[in-house]
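Chemist: To be precise about what I am sending: the file is called protein.txt and holds compact mmCIF, C-alpha atoms.
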```txt
# COMPACT_ATOMS: atom_id res chain seq x y z
CA GLN A 1 112.75 68.61 112.44
CA VAL A 2 114.12 72.15 112.30
CA GLN A 3 112.04 74.80 114.03
CA LEU A 4 112.03 78.53 113.43
CA VAL A 5 111.34 81.06 116.16
CA GLU A 6 110.76 84.76 115.49
CA SER A 7 111.38 87.57 117.95
CA GLY A 8 111.45 91.35 117.97
CA GLY A 9 107.83 92.18 117.33
CA GLY A 10 105.94 94.78 119.31
CA LEU A 11 104.34 98.19 119.21
CA VAL A 12 106.16 101.02 117.43
CA GLU A 13 105.16 104.51 116.35
CA ALA A 14 104.93 105.45 112.71
CA GLY A 15 108.34 106.47 111.42
CA GLY A 16 110.09 104.25 113.91
CA SER A 17 112.26 101.18 113.44
CA ARG A 18 112.18 97.58 114.53
CA ARG A 19 114.43 94.58 113.93
CA LEU A 20 112.97 91.12 113.70
CA SER A 21 115.05 88.00 114.22
CA CYS A 22 114.37 84.42 113.23
CA GLU A 23 116.53 81.66 114.61
CA ALA A 24 116.60 78.06 113.43
CA SER A 25 116.80 75.40 116.09
CA LYS A 26 119.64 73.46 114.41
CA ILE A 27 123.05 75.05 114.11
CA ASN A 28 124.61 72.77 111.47
CA PHE A 29 121.71 73.20 109.07
CA SER A 30 121.16 75.88 106.47
CA PHE A 31 118.06 76.65 104.50
CA SER A 32 118.81 77.58 100.90
CA THR A 33 116.34 80.46 101.09
CA MET A 34 114.94 82.27 104.09
CA ALA A 35 112.17 84.79 103.89
CA TRP A 36 109.84 87.03 105.83
CA TYR A 37 106.13 87.06 105.10
CA ARG A 38 103.39 89.06 106.75
CA GLN A 39 99.67 88.77 107.14
CA ALA A 40 97.45 91.66 108.10
CA PRO A 41 93.91 91.11 109.42
CA GLY A 42 91.57 90.13 106.62
CA LYS A 43 94.36 89.90 104.07
CA GLN A 44 96.36 87.11 102.51
CA ARG A 45 99.86 86.31 103.62
CA GLU A 46 102.36 88.15 101.43
CA LEU A 47 106.09 87.91 100.81
CA VAL A 48 108.01 90.81 102.35
CA ALA A 49 111.60 89.85 101.63
CA SER A 50 113.72 86.82 100.89
CA ILE A 51 117.41 85.97 100.89
CA SER A 52 119.16 83.11 99.13
CA GLY A 53 122.74 82.34 100.05
CA ARG A 54 124.33 85.37 101.66
CA THR A 55 123.42 88.21 99.33
CA SER A 56 120.71 87.37 96.81
CA VAL A 57 117.74 89.34 98.07
CA THR A 58 114.28 90.31 96.89
CA TYR A 59 111.78 92.75 98.37
CA ALA A 60 108.12 93.55 97.99
CA GLU A 61 107.65 96.90 96.29
CA SER A 62 105.88 98.26 99.36
CA VAL A 63 108.97 97.84 101.57
CA LYS A 64 111.82 98.60 99.16
CA GLY A 65 114.13 101.24 100.59
CA ARG A 66 112.72 100.78 104.10
CA PHE A 67 113.31 97.13 105.00
CA THR A 68 116.55 95.16 104.85
CA ILE A 69 116.86 91.39 105.10
CA SER A 70 120.11 89.78 106.14
CA ARG A 71 121.31 86.48 107.52
CA ASP A 72 124.03 85.20 109.81
CA LEU A 73 124.83 81.75 108.48
CA PRO A 74 126.96 80.56 111.44
CA LYS A 75 124.14 81.55 113.81
CA ASN A 76 121.50 80.20 111.42
CA THR A 77 119.56 83.40 111.93
CA VAL A 78 117.81 85.76 109.54
CA TYR A 79 116.97 89.36 110.33
CA LEU A 80 114.54 91.94 109.03
CA GLN A 81 115.48 95.53 109.75
CA MET A 82 112.40 97.69 109.33
CA ASN A 83 112.81 101.46 109.14
CA ASN A 84 110.33 104.26 108.57
CA LEU A 85 107.49 102.00 109.60
CA LYS A 86 103.97 102.85 108.49
CA PRO A 87 100.59 101.87 109.95
CA GLU A 88 100.03 99.67 106.89
CA ASP A 89 103.04 97.58 107.97
CA THR A 90 100.96 96.32 110.90
CA ALA A 91 100.75 92.54 110.59
CA VAL A 92 101.90 89.24 111.96
CA TYR A 93 105.34 88.61 110.51
CA TYR A 94 106.33 85.04 109.73
CA CYS A 95 109.74 83.56 109.07
CA ASN A 96 110.04 80.87 106.40
CA GLY A 97 112.90 78.59 105.50
CA ARG A 98 113.10 76.53 102.32
CA ILE A 99 115.43 73.77 101.21
CA GLY A 100 114.57 71.52 98.28
CA SER A 101 110.84 70.96 98.34
CA GLY A 102 110.59 71.48 102.08
CA SER A 103 109.26 74.60 103.76
CA THR A 104 109.27 75.47 107.44
CA TRP A 105 107.32 78.28 109.12
CA GLY A 106 107.77 80.02 112.41
CA PRO A 107 104.76 80.80 114.64
CA GLY A 108 104.89 84.52 113.81
CA THR A 109 105.46 87.74 115.70
CA GLN A 110 103.06 90.68 115.83
CA VAL A 111 104.20 94.11 114.67
CA THR A 112 101.84 96.98 115.33
CA VAL A 113 102.57 100.45 113.99
CA SER A 114 100.61 103.26 115.57
CA SER A 115 99.82 106.45 113.67
```
Let me see the file written as structure tokens.
Modeler:
Amino acid sequence: QVQLVESGGGLVEAGGSRRLSCEASKINFSFSTMAWYRQAPGKQRELVASISGRTSVTYAESVKGRFTISRDLPKNTVYLQMNNLKPEDTAVYYCNGRIGSGSTWGPGTQVTVSS
């Protein structure tokens, strides 16, 4: 069973930056798609960004131009660089890995953006 662990969350001021990391517990294992989701209090979990292979990426409209997803395949790690953060970006951010019909979630990391 592959596990995902997120890191990099915390408190940041509006306009600031933060980089989230998500590392898979198995080195010789690659998810076909890795993604970041977020869930704010009282809201549904939403897709923030996803990456398939090395370079096929998608972003939610609300983060386009501010967030960048990338992955390091040898390290089995996916990153989310978040710039120009806004208070509405405050949420628990979850890492997700998919291969075939399987889906694995990390426990989440809290990002709080103060105004």
Chemist: What's the separation between CA of Asn83 in chain A and CA of Gly15 in chain A, in Å to one decimal place?
Modeler: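 Between CA of Asn83 in chain A and CA of Gly15 in chain A the gap works out to 7.1 Å.
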Chemist: For Thr109 in chain A, please output as a PyMOL selection string all residues within 10 Å (counting all atoms listed in the file; exclusion window: fewer than 4 positions along the same chain).
Modeler: chain A and resi 5-10+20-22+38+91-95
Chemist: Work out how far CA of Val111 in chain A is from CA of Val12 in chain A, in Å to one decimal.
Modeler: 7.7 Å
Chemist: Which neighbours of range 69-78 of chain A fall inside 10 Å, counting all atoms listed in the file, when residues of the same chain fewer than 5 positions from it are skipped, and could you give them as a PyMOL selection string?
Modeler: chain A and resi 4-6+19-31+34-36+48-59+95-97
Chemist: Using the selection just defined, write its residues with C-alpha atoms as a PDB file, in the coordinates of the input.
Modeler:
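Listing of part.pdb after writing:
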```
ATOM      1  CA  LEU A   4     112.030  78.530 113.430  1.00  0.00           C
ATOM      2  CA  VAL A   5     111.340  81.060 116.160  1.00  0.00           C
ATOM      3  CA  GLU A   6     110.760  84.760 115.490  1.00  0.00           C
ATOM      4  CA  ARG A  19     114.430  94.580 113.930  1.00  0.00           C
ATOM      5  CA  LEU A  20     112.970  91.120 113.700  1.00  0.00           C
ATOM      6  CA  SER A  21     115.050  88.000 114.220  1.00  0.00           C
ATOM      7  CA  CYS A  22     114.370  84.420 113.230  1.00  0.00           C
ATOM      8  CA  GLU A  23     116.530  81.660 114.610  1.00  0.00           C
ATOM      9  CA  ALA A  24     116.600  78.060 113.430  1.00  0.00           C
ATOM     10  CA  SER A  25     116.800  75.400 116.090  1.00  0.00           C
ATOM     11  CA  LYS A  26     119.640  73.460 114.410  1.00  0.00           C
ATOM     12  CA  ILE A  27     123.050  75.050 114.110  1.00  0.00           C
ATOM     13  CA  ASN A  28     124.610  72.770 111.470  1.00  0.00           C
ATOM     14  CA  PHE A  29     121.710  73.200 109.070  1.00  0.00           C
ATOM     15  CA  SER A  30     121.160  75.880 106.470  1.00  0.00           C
ATOM     16  CA  PHE A  31     118.060  76.650 104.500  1.00  0.00           C
ATOM     17  CA  MET A  34     114.940  82.270 104.090  1.00  0.00           C
ATOM     18  CA  ALA A  35     112.170  84.790 103.890  1.00  0.00           C
ATOM     19  CA  TRP A  36     109.840  87.030 105.830  1.00  0.00           C
ATOM     20  CA  VAL A  48     108.010  90.810 102.350  1.00  0.00           C
ATOM     21  CA  ALA A  49     111.600  89.850 101.630  1.00  0.00           C
ATOM     22  CA  SER A  50     113.720  86.820 100.890  1.00  0.00           C
ATOM     23  CA  ILE A  51     117.410  85.970 100.890  1.00  0.00           C
ATOM     24  CA  SER A  52     119.160  83.110  99.130  1.00  0.00           C
ATOM     25  CA  GLY A  53     122.740  82.340 100.050  1.00  0.00           C
ATOM     26  CA  ARG A  54     124.330  85.370 101.660  1.00  0.00           C
ATOM     27  CA  THR A  55     123.420  88.210  99.330  1.00  0.00           C
ATOM     28  CA  SER A  56     120.710  87.370  96.810  1.00  0.00           C
ATOM     29  CA  VAL A  57     117.740  89.340  98.070  1.00  0.00           C
ATOM     30  CA  THR A  58     114.280  90.310  96.890  1.00  0.00           C
ATOM     31  CA  TYR A  59     111.780  92.750  98.370  1.00  0.00           C
ATOM     32  CA  CYS A  95     109.740  83.560 109.070  1.00  0.00           C
ATOM     33  CA  ASN A  96     110.040  80.870 106.400  1.00  0.00           C
ATOM     34  CA  GLY A  97     112.900  78.590 105.500  1.00  0.00           C
TER      35      GLY A  97
END
```
Chemist: Hey, can you check how far CA of Ser103 in chain A sits from CA of Gln1 in chain A?
Modeler: 11.1 Å
